[in-house]
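The next block is upload-v9.txt, given as compact mmCIF, C-alpha atoms.
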# COMPACT_ATOMS: atom_id res chain seq x y z
CA MET C 638 0.49 -47.19 -103.10
CA LYS C 639 3.97 -48.63 -103.00
CA PHE C 640 6.81 -46.97 -101.19
CA LEU C 641 9.73 -47.03 -103.55
CA CYS C 642 12.32 -48.39 -101.16
CA VAL C 643 14.63 -49.71 -103.81
CA PHE C 644 17.89 -51.32 -102.91
CA LEU C 645 20.21 -50.10 -105.65
CA THR C 646 23.94 -50.55 -105.72
CA ALA C 647 26.31 -49.22 -108.37
CA PHE C 648 28.93 -51.87 -108.98
CA THR C 649 32.58 -50.93 -109.40
CA ALA C 650 33.98 -54.37 -110.13
CA ALA C 651 35.00 -55.13 -113.69
CA GLN C 652 32.23 -56.55 -115.89
CA ALA C 653 29.67 -56.12 -113.13
CA ALA C 654 26.19 -54.76 -113.71
CA ASP C 655 25.61 -51.02 -113.48
CA TYR C 656 22.74 -51.55 -111.02
CA GLN C 657 21.42 -54.20 -108.68
CA LEU C 658 17.68 -54.59 -108.09
CA LYS C 659 16.59 -56.81 -105.21
CA ALA C 660 13.15 -58.39 -104.92
CA SER C 661 11.19 -56.89 -102.03
CA PRO C 662 7.59 -55.92 -101.23
CA SER C 663 8.27 -52.49 -102.73
CA THR C 664 10.03 -53.64 -105.92
CA VAL C 665 7.67 -56.30 -107.30
CA ALA C 666 4.57 -56.25 -109.48
CA TRP C 667 2.46 -59.21 -108.40
CA GLY C 668 0.50 -60.71 -111.26
CA TYR C 669 0.36 -57.89 -113.79
CA TYR C 670 1.92 -55.78 -116.52
CA TRP C 671 0.53 -52.24 -116.53
CA TYR C 672 1.00 -48.98 -118.42
CA GLN C 673 0.45 -47.02 -115.20
CA ALA C 674 2.76 -49.08 -112.98
CA LYS C 675 5.23 -46.97 -111.02
CA PRO C 676 8.89 -47.60 -111.92
CA VAL C 677 11.12 -48.95 -109.16
CA LEU C 678 14.30 -48.14 -111.10
CA ARG C 679 15.25 -45.72 -113.88
CA ILE C 680 18.19 -46.44 -116.16
CA LYS C 681 19.65 -45.31 -119.49
CA SER C 682 19.80 -47.27 -122.71
CA GLY C 683 22.92 -49.43 -122.60
CA ASP C 684 22.86 -49.89 -118.82
CA SER C 685 22.89 -53.35 -117.27
CA VAL C 686 20.99 -54.49 -114.18
CA GLU C 687 21.35 -57.54 -111.95
CA ILE C 688 17.77 -58.47 -110.98
CA GLN C 689 16.68 -60.81 -108.22
CA THR C 690 13.45 -62.71 -108.88
CA MET C 691 11.28 -64.99 -106.77
CA THR C 692 9.71 -68.37 -107.53
CA THR C 693 5.99 -68.61 -108.25
CA SER C 694 5.64 -71.11 -105.37
CA SER C 695 4.37 -69.68 -102.08
CA PRO C 696 6.26 -70.15 -98.80
CA THR C 697 3.29 -72.15 -97.48
CA SER C 698 3.30 -74.52 -100.44
CA LEU C 699 7.04 -75.03 -100.21
CA ALA C 700 6.87 -75.72 -96.47
CA ASN C 701 3.89 -78.07 -96.82
CA ASN C 702 5.80 -80.09 -99.37
CA GLY C 703 8.94 -80.59 -97.40
CA VAL C 704 11.16 -77.53 -97.80
CA LYS C 705 12.64 -76.55 -94.45
CA PRO C 706 11.57 -73.09 -93.22
CA GLU C 707 15.19 -71.94 -93.08
CA ASP C 708 15.61 -72.89 -96.75
CA ILE C 709 12.77 -70.63 -97.89
CA GLN C 710 14.07 -67.22 -98.97
CA PRO C 711 13.30 -64.41 -96.52
CA GLU C 712 12.55 -62.12 -99.48
CA LEU C 713 9.79 -64.49 -100.61
CA LYS C 714 8.32 -64.60 -97.11
CA ALA C 715 8.36 -60.81 -96.86
CA ILE C 716 6.63 -60.37 -100.21
CA TYR C 717 3.84 -62.78 -99.28
CA GLU C 718 3.42 -61.17 -95.87
CA GLN C 719 3.54 -57.52 -96.91
CA VAL C 720 2.11 -57.11 -100.43
CA LYS C 721 -1.58 -56.39 -99.88
CA ARG C 722 -4.20 -58.27 -101.87
CA GLU C 723 -5.56 -55.06 -103.36
CA ASP C 724 -2.09 -54.36 -104.79
CA ARG C 725 -1.93 -57.72 -106.54
CA GLY C 726 -3.02 -58.25 -110.11
CA PRO C 727 -5.09 -61.07 -111.59
CA GLY C 728 -2.07 -63.30 -112.31
CA GLY C 729 0.10 -65.43 -110.06
CA HIS C 730 3.60 -64.32 -111.02
CA VAL C 731 5.72 -62.25 -108.66
CA LEU C 732 7.60 -60.04 -111.13
CA THR C 733 10.50 -57.75 -110.24
CA GLY C 734 10.12 -54.23 -111.65
CA PRO C 735 9.07 -52.30 -113.54
CA ILE C 736 12.27 -50.70 -114.82
CA PHE C 737 12.00 -47.43 -116.76
CA ILE C 738 14.50 -47.19 -119.64
CA GLU C 739 15.06 -43.56 -120.60
CA GLY C 740 14.33 -42.75 -124.22
CA ALA C 741 12.06 -45.73 -124.88
CA GLU C 742 8.84 -44.62 -126.57
CA PRO C 743 5.86 -46.41 -128.12
CA GLY C 744 6.87 -47.69 -131.54
CA ASP C 745 10.46 -48.43 -130.49
CA VAL C 746 11.83 -51.86 -129.70
CA LEU C 747 13.51 -52.81 -126.42
CA GLU C 748 16.46 -55.12 -126.95
CA VAL C 749 17.00 -57.22 -123.83
CA ARG C 750 20.37 -58.93 -123.70
CA ILE C 751 20.30 -61.79 -121.20
CA GLN C 752 23.88 -61.81 -120.00
CA LYS C 753 23.82 -64.13 -117.00
CA ILE C 754 21.37 -66.34 -115.06
CA GLN C 755 22.09 -67.76 -111.60
CA LEU C 756 20.09 -70.24 -109.53
CA SER C 757 19.19 -68.97 -106.06
CA THR C 758 17.99 -72.10 -104.25
CA PRO C 759 18.99 -75.79 -104.38
CA TYR C 760 15.44 -76.86 -105.22
CA ALA C 761 12.60 -76.27 -107.64
CA SER C 762 8.94 -77.21 -107.57
CA ASN C 763 6.42 -78.54 -110.05
CA GLY C 764 2.71 -78.51 -109.33
CA PHE C 765 -0.57 -79.21 -111.08
CA SER C 766 -4.26 -79.36 -110.25
CA PRO C 767 -7.18 -81.15 -111.94
CA ASN C 768 -8.56 -78.03 -113.62
CA ARG C 769 -5.28 -76.76 -115.07
CA GLY C 770 -2.79 -78.00 -117.64
CA VAL C 771 -3.62 -79.53 -121.01
CA LEU C 772 -5.41 -82.63 -119.70
CA PRO C 773 -9.10 -82.59 -118.73
CA PRO C 774 -10.02 -82.87 -115.01
CA GLU C 775 -10.95 -86.56 -115.26
CA ASP C 776 -7.34 -87.54 -115.95
CA PHE C 777 -6.22 -86.55 -112.44
CA LYS C 778 -8.72 -86.29 -109.60
CA THR C 779 -6.30 -84.50 -107.27
CA GLY C 780 -3.36 -82.17 -107.74
CA ARG C 781 0.21 -82.50 -106.53
CA THR C 782 3.30 -80.45 -105.83
CA LYS C 783 6.70 -82.09 -106.23
CA ILE C 784 9.91 -80.61 -104.81
CA ILE C 785 12.84 -81.32 -107.12
CA PRO C 786 16.38 -81.05 -105.64
CA LEU C 787 18.91 -79.22 -107.80
CA ASP C 788 22.52 -80.40 -107.83
CA MET C 789 24.27 -77.19 -108.85
CA GLN C 790 27.71 -78.79 -108.71
CA ARG C 791 26.74 -81.39 -111.32
CA ASN C 792 24.25 -79.08 -113.07
CA VAL C 793 21.32 -81.51 -112.91
CA ALA C 794 17.89 -81.72 -111.32
CA LYS C 795 17.26 -84.91 -109.33
CA PHE C 796 13.73 -85.72 -110.48
CA SER C 797 14.02 -89.17 -108.88
CA ASP C 798 16.70 -91.67 -107.89
CA ASN C 799 17.08 -92.81 -111.49
CA ILE C 800 16.06 -89.68 -113.43
CA GLU C 801 18.29 -86.62 -113.79
CA ILE C 802 17.41 -83.61 -115.92
CA PRO C 803 20.13 -81.19 -117.11
CA LEU C 804 19.62 -77.72 -115.64
CA HIS C 805 18.56 -75.13 -118.21
CA PRO C 806 17.67 -71.96 -116.28
CA PHE C 807 15.61 -69.26 -117.99
CA PHE C 808 12.94 -66.71 -117.13
CA GLY C 809 9.41 -67.73 -118.08
CA SER C 810 8.23 -64.12 -118.00
CA MET C 811 10.03 -61.09 -119.42
CA GLY C 812 7.94 -58.23 -120.70
CA VAL C 813 7.01 -54.58 -120.89
CA ALA C 814 3.86 -52.60 -120.16
CA PRO C 815 1.03 -53.13 -122.65
CA ASP C 816 -0.88 -50.36 -124.38
CA GLU C 817 -2.76 -48.11 -121.96
CA SER C 818 -6.13 -49.30 -123.25
CA LYS C 819 -5.47 -52.84 -121.96
CA GLY C 820 -5.37 -51.77 -118.31
CA ARG C 821 -3.66 -53.91 -115.68
CA LEU C 822 -2.95 -56.99 -117.76
CA ASN C 823 -2.97 -60.49 -116.26
CA SER C 824 0.61 -61.80 -116.10
CA ALA C 825 -0.39 -65.30 -117.24
CA PRO C 826 -1.11 -64.95 -120.98
CA PRO C 827 1.78 -63.72 -123.16
CA GLY C 828 1.13 -61.15 -125.87
CA GLU C 829 2.52 -58.27 -127.88
CA HIS C 830 4.17 -57.07 -124.66
CA ALA C 831 5.99 -60.47 -124.44
CA GLY C 832 5.42 -61.41 -120.77
CA ASN C 833 4.86 -65.07 -119.94
CA LEU C 834 6.45 -66.51 -123.08
CA ASP C 835 7.81 -69.62 -121.35
CA ASN C 836 10.38 -69.92 -124.12
CA LYS C 837 13.18 -72.16 -122.90
CA GLU C 838 15.50 -70.98 -125.70
CA LEU C 839 15.94 -67.60 -123.97
CA VAL C 840 18.85 -68.59 -121.75
CA ALA C 841 21.99 -66.64 -120.87
CA GLY C 842 23.70 -65.37 -124.00
CA THR C 843 20.49 -64.74 -125.95
CA LYS C 844 18.41 -61.66 -126.81
CA LEU C 845 14.72 -60.80 -126.67
CA PHE C 846 13.30 -57.97 -128.78
CA ILE C 847 10.04 -56.50 -127.47
CA PRO C 848 7.82 -53.83 -129.05
CA VAL C 849 7.49 -50.83 -126.73
CA HIS C 850 3.96 -49.63 -125.86
CA ALA C 851 4.55 -47.20 -122.95
CA PRO C 852 7.07 -44.44 -122.20
CA GLY C 853 10.12 -46.03 -120.59
CA ALA C 854 8.99 -49.52 -121.70
CA LEU C 855 8.50 -50.58 -118.01
CA PHE C 856 10.31 -53.92 -118.08
CA GLU C 857 9.44 -56.67 -115.58
CA VAL C 858 10.87 -60.15 -115.12
CA GLY C 859 10.19 -63.29 -113.09
CA ASP C 860 8.76 -66.82 -113.25
CA GLY C 861 12.19 -68.43 -112.98
CA HIS C 862 12.59 -71.95 -114.31
CA ALA C 863 15.45 -74.37 -113.69
CA GLY C 864 14.26 -76.17 -116.81
CA GLN C 865 11.12 -76.94 -118.81
CA GLY C 866 9.85 -79.14 -121.59
CA ASN C 867 8.29 -77.46 -124.61
CA GLY C 868 4.55 -77.29 -124.00
CA GLU C 869 4.83 -77.01 -120.19
CA VAL C 870 1.88 -79.41 -120.27
CA ASP C 871 0.95 -79.65 -116.54
CA ILE C 872 1.08 -75.79 -116.26
CA THR C 873 4.37 -75.46 -114.37
CA ALA C 874 8.03 -76.02 -115.16
CA MET C 875 10.78 -76.55 -112.58
CA GLU C 876 9.77 -73.36 -110.76
CA THR C 877 12.56 -71.66 -108.85
CA SER C 878 14.12 -68.32 -107.91
CA LEU C 879 16.72 -66.84 -110.24
CA VAL C 880 19.03 -63.85 -110.45
CA GLY C 881 19.55 -62.47 -113.93
CA THR C 882 21.84 -59.84 -115.40
CA PHE C 883 20.33 -57.93 -118.32
CA GLN C 884 21.50 -55.15 -120.59
CA PHE C 885 18.77 -52.93 -122.05
CA ILE C 886 19.11 -51.14 -125.38
CA VAL C 887 16.48 -48.90 -126.93
CA ARG C 888 16.22 -49.62 -130.65
CA LYS C 889 14.90 -46.72 -132.69
CA ASP C 890 15.85 -48.55 -135.89
CA MET C 891 13.55 -51.53 -135.31
CA HIS C 892 9.77 -51.71 -135.53
CA LEU C 893 8.03 -54.93 -134.50
CA LYS C 894 4.46 -55.92 -133.75
CA TRP C 895 5.37 -59.14 -131.91
CA PRO C 896 8.38 -60.21 -129.82
CA ARG C 897 11.35 -61.88 -131.46
CA GLY C 898 14.40 -63.64 -130.09
CA GLU C 899 17.95 -64.40 -131.06
CA THR C 900 20.38 -67.07 -129.87
CA PRO C 901 23.98 -67.64 -131.02
CA THR C 902 22.64 -70.21 -133.52
CA HIS C 903 19.05 -69.18 -134.34
CA TRP C 904 16.62 -66.34 -134.82
CA ILE C 905 13.24 -66.90 -133.15
CA ALA C 906 9.90 -65.74 -134.54
CA MET C 907 6.85 -66.08 -132.30
CA GLY C 908 3.12 -66.62 -132.65
CA LEU C 909 0.73 -66.08 -129.72
CA ASP C 910 -3.02 -66.69 -129.78
CA PRO C 911 -5.71 -68.42 -127.66
CA ASP C 912 -6.10 -70.90 -130.54
CA LEU C 913 -3.03 -73.07 -131.18
CA THR C 914 -3.64 -73.19 -134.93
CA GLN C 915 -3.85 -69.40 -135.08
CA ALA C 916 -0.66 -69.15 -133.01
CA LEU C 917 1.06 -71.34 -135.61
CA ILE C 918 -0.29 -69.21 -138.45
CA LEU C 919 1.02 -66.08 -136.76
CA ALA C 920 4.44 -67.69 -136.17
CA VAL C 921 4.64 -68.59 -139.88
CA ARG C 922 3.68 -65.04 -140.89
CA GLU C 923 6.25 -63.58 -138.50
CA THR C 924 8.85 -65.94 -139.95
CA ILE C 925 8.01 -64.82 -143.48
CA ASP C 926 8.20 -61.20 -142.41
CA PHE C 927 11.65 -61.77 -140.90
CA LEU C 928 12.95 -63.59 -143.99
CA VAL C 929 11.60 -60.95 -146.37
CA THR C 930 12.74 -57.97 -144.30
CA GLU C 931 16.07 -59.20 -142.96
CA LYS C 932 17.15 -61.80 -145.56
CA HIS C 933 15.52 -60.22 -148.62
CA LEU C 934 13.71 -63.35 -149.78
CA SER C 935 10.54 -63.18 -151.84
CA ARG C 936 7.40 -64.04 -149.87
CA GLU C 937 7.07 -67.23 -151.91
CA ASP C 938 10.62 -68.37 -151.16
CA ALA C 939 10.20 -67.39 -147.50
CA TYR C 940 7.08 -69.55 -147.19
CA ALA C 941 8.85 -72.46 -148.87
CA LEU C 942 11.92 -72.09 -146.63
CA ALA C 943 9.68 -72.05 -143.56
CA SER C 944 8.40 -75.45 -144.60
CA VAL C 945 11.67 -77.13 -145.57
CA GLY C 946 14.24 -75.62 -143.22
CA ILE C 947 12.61 -74.19 -140.09
CA ASP C 948 11.17 -75.91 -137.01
CA PHE C 949 7.94 -74.69 -135.41
CA ASP C 950 7.65 -75.76 -131.77
CA VAL C 951 4.87 -75.41 -129.20
CA THR C 952 6.29 -73.09 -126.53
CA GLN C 953 3.47 -73.62 -124.06
CA ALA C 954 -0.22 -74.51 -124.26
CA VAL C 955 -1.46 -73.84 -120.73
CA ASP C 956 -1.63 -70.08 -120.15
CA GLY C 957 -4.81 -69.20 -122.02
CA THR C 958 -2.80 -67.79 -124.91
CA LYS C 959 -0.89 -70.55 -126.71
CA GLY C 960 2.65 -70.05 -127.93
CA VAL C 961 4.45 -71.32 -131.03
CA HIS C 962 8.00 -70.33 -131.86
CA ALA C 963 9.96 -70.76 -135.07
CA MET C 964 13.64 -71.69 -134.82
CA ILE C 965 15.35 -70.13 -137.84
CA PRO C 966 18.89 -71.57 -138.08
CA LYS C 967 21.63 -69.07 -138.87
CA SER C 968 23.76 -71.84 -140.37
CA ILE C 969 21.65 -72.12 -143.53
CA PHE C 970 22.54 -68.59 -144.64
CA LYS C 971 25.93 -68.26 -146.34
Once you've parsed the file, please lay out its structure as structure tokens.
Amino acid sequence: MKFLCVFLTAFTAAQAADYQLKASPSTVAWGYYWYQAKPVLRIKSGDSVEIQTMTTSSPTSLANNGVKPEDIQPELKAIYEQVKREDRGPGGHVLTGPIFIEGAEPGDVLEVRIQKIQLSTPYASNGFSPNRGVLPPEDFKTGRTKIIPLDMQRNVAKFSDNIEIPLHPFFGSMGVAPDESKGRLNSAPPGEHAGNLDNKELVAGTKLFIPVHAPGALFEVGDGHAGQGNGEVDITAMETSLVGTFQFIVRKDMHLKWPRGETPTHWIAMGLDPDLTQALILAVRETIDFLVTEKHLSREDAYALASVGIDFDVTQAVDGTKGVHAMIPKSIFK
């Protein structure tokens, strides 16, 4: 049973978040989304929250791979030391939350506006093992963890002396509680509750729309990435700790079965299934549904437009449930 020792601060500065939620042993859900999870913060629709999240890498792994002990966040150490194993779920993500949004009920949609994302540490990590990722075990006999320095002044990751990757921070996992019948759901596979989407398009300035399945929605967030390639083929991205500012709006006027996204330039339809082909089929159907409902196309024209004007990308293929997302450009609609 968690003690709800939540560190909440009401901000008075202009344009600041209404609340601040720090990551601590009492404010994280380790490895699960759950209908019965106890909220660590209650807010109203329209409120904004600055949320601290922790990397998926353990303090031991970071230290063993060259990160100095003083450069490992004390919050991460405390969470690993104090969260009991029986309180952890089946997944590996340390998620901050859940947050209860007043007025959210099953059948509604939670609009999550991602207002700001900040890097917390000057490094990220990438790791793989022989039995994970898209390649079979014979391709790599042993695993590896690589620490990747982040140059936040120049906004690049120093993968090697002659390889630099532009920083593109986003949260791999943002989701709500699933239906009560699904119990304490593993944080690894994404689903109708969103969760571990690993969609690198969902950066600051974008929106995620999630169907609500539990009273209050019970939003959780984590799995910070400094950047990622579509597919996330070795099972990790540039894993790091992030701080995000989110505004939450309960939408009574929307009804969705699957998550959707929106960027300044695109709408995003999503397909999620253990079979990649079925994930693609679902993404196409969700795209058609969007075009028919929101753009008033016939189903036939929507299917044709999906083929000639919309890109379908593999979000990730390593979390049990595969992800495909459709990038629907706003520019084609006059």
Closest-contact table, region 841-894 of chain C side, partner region 818-828 of chain C, 12 Å, counting all atoms listed in the file, as a tab-separated table:
residue	atom	partner	partner_atom	distance
C:Ile847	CA	C:Gly828	CA	10.2
C:Pro848	CA	C:Gly828	CA	10.4
C:His850	CA	C:Ser818	CA	10.4
C:Ala851	CA	C:Ser818	CA	10.9
C:Glu857	CA	C:Ser824	CA	10.2
C:Val858	CA	C:Ser824	CA	10.4
C:Gly859	CA	C:Ser824	CA	10.2
C:Asp860	CA	C:Ser824	CA	10.0
C:Ile872	CA	C:Ala825	CA	10.6
C:Thr873	CA	C:Ala825	CA	11.6
C:Lys894	CA	C:Gly828	CA	10.0
Exercise: Lys721 (chain C) partners within 12 Å, all atoms listed in the file, chain neighbours under 4 positions left out, as an MDAnalysis selection string: chainID C and resid 638:639 662:663 665:667 715:717 725:726
Residue nearest Trp895 (chain C) among C:Leu913, C:Val749, C:Ala831, C:Val840 (counting only C-alpha atoms):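 Closest to Trp895 (chain C) of all the choices is C:Ala831.
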Can you pull out every residue within 6 Å of region 919-927 of chain C, counting all atoms listed in the file, but drop anything in the same chain fewer than 4 positions away, and send it as a JSON list (two decimals) with C-alpha atoms, in the coordinates of the input?
[["chain", "number", "residue", "atom", "x", "y", "z"],
["C", 906, "ALA", "CA", 9.90, -65.74, -134.54],
["C", 907, "MET", "CA", 6.85, -66.08, -132.30],
["C", 908, "GLY", "CA", 3.12, -66.62, -132.65],
["C", 931, "GLU", "CA", 16.07, -59.20, -142.96],
["C", 939, "ALA", "CA", 10.20, -67.39, -147.50]]
Coordinates-based distance that separates CA of Ala854 (chain C) from CA of Gly729 (chain C) (Å, one decimal): 21.6 Å
Please produce, as JSON lines, a per-residue contact table for region 747-791 of chain C versus region 953-971 of chain C (criterion: any atom at most 12 Å away, all atoms listed in the file considered), showing the nearest atom pair and its distance in Å to one decimal, sorted by chain then residue number.
{"residue": "C:Phe765", "atom": "CA", "partner": "C:Val955", "partner_atom": "CA", "distance": 11.1}
{"residue": "C:Asn768", "atom": "CA", "partner": "C:Val955", "partner_atom": "CA", "distance": 10.9}
{"residue": "C:Arg769", "atom": "CA", "partner": "C:Val955", "partner_atom": "CA", "distance": 7.4}
{"residue": "C:Gly770", "atom": "CA", "partner": "C:Val955", "partner_atom": "CA", "distance": 5.4}
{"residue": "C:Val771", "atom": "CA", "partner": "C:Val955", "partner_atom": "CA", "distance": 6.1}
{"residue": "C:Leu772", "atom": "CA", "partner": "C:Val955", "partner_atom": "CA", "distance": 9.7}
{"residue": "C:Pro773", "atom": "CA", "partner": "C:Val955", "partner_atom": "CA", "distance": 11.8}
Residues from the last selection, C-alpha atoms, saved as a short mmCIF file (atom, residue, chain, number, x, y, z; two decimals), in the frame of the given file:
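Final file, result-v3.cif:
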data_model
loop_
_atom_site.label_atom_id
_atom_site.label_comp_id
_atom_site.auth_asym_id
_atom_site.auth_seq_id
_atom_site.Cartn_x
_atom_site.Cartn_y
_atom_site.Cartn_z
CA PHE C 765 -0.57 -79.21 -111.08
CA ASN C 768 -8.56 -78.03 -113.62
CA ARG C 769 -5.28 -76.76 -115.07
CA GLY C 770 -2.79 -78.00 -117.64
CA VAL C 771 -3.62 -79.53 -121.01
CA LEU C 772 -5.41 -82.63 -119.70
CA PRO C 773 -9.10 -82.59 -118.73
#
Shell of 12 Å around Leu839 (chain C), all atoms listed in the file, local chain residues under 2 positions omitted, as a PyMOL selection string: chain C and resi 749-754+805-811+834-837+841-846+861-862+864-865+881+897-905+952+962+964
Point-to-point distance in Å for CA of Pro743 (chain C) and CA of Val880 (chain C): 28.1 Å
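Checking C:Asn867, C:Gln719, C:Thr877, C:Ser797 one by one against Ser694 (chain C), counting only C-alpha atoms, you find the shortest gap at C:Thr877.
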Interatomic distance, CA of Ser766 (chain C) to CA of Glu869 (chain C) (Å, one decimal): 13.7 Å
For Lys659 (chain C), the nearest of the candidates C:Ile886, C:Val929, C:Ala943, C:Val677, counting all atoms listed in the file: C:Val677
Centre and size of axis-aligned box enclosing region 942-947 of chain C plus 5 Å each side, as lines of an AutoDock Vina configuration file:
center_x = 11.3
center_y = -74.6
center_z = -143.4
size_x = 15.8
size_y = 15.1
size_z = 16.5
Which of C:Gly703, C:Pro774, C:Gly868, C:Gly683 sits closest to Leu747 (chain C) [using only C-alpha atoms]: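 Among the listed residues, C:Gly683 lies closest to Leu747 (chain C).
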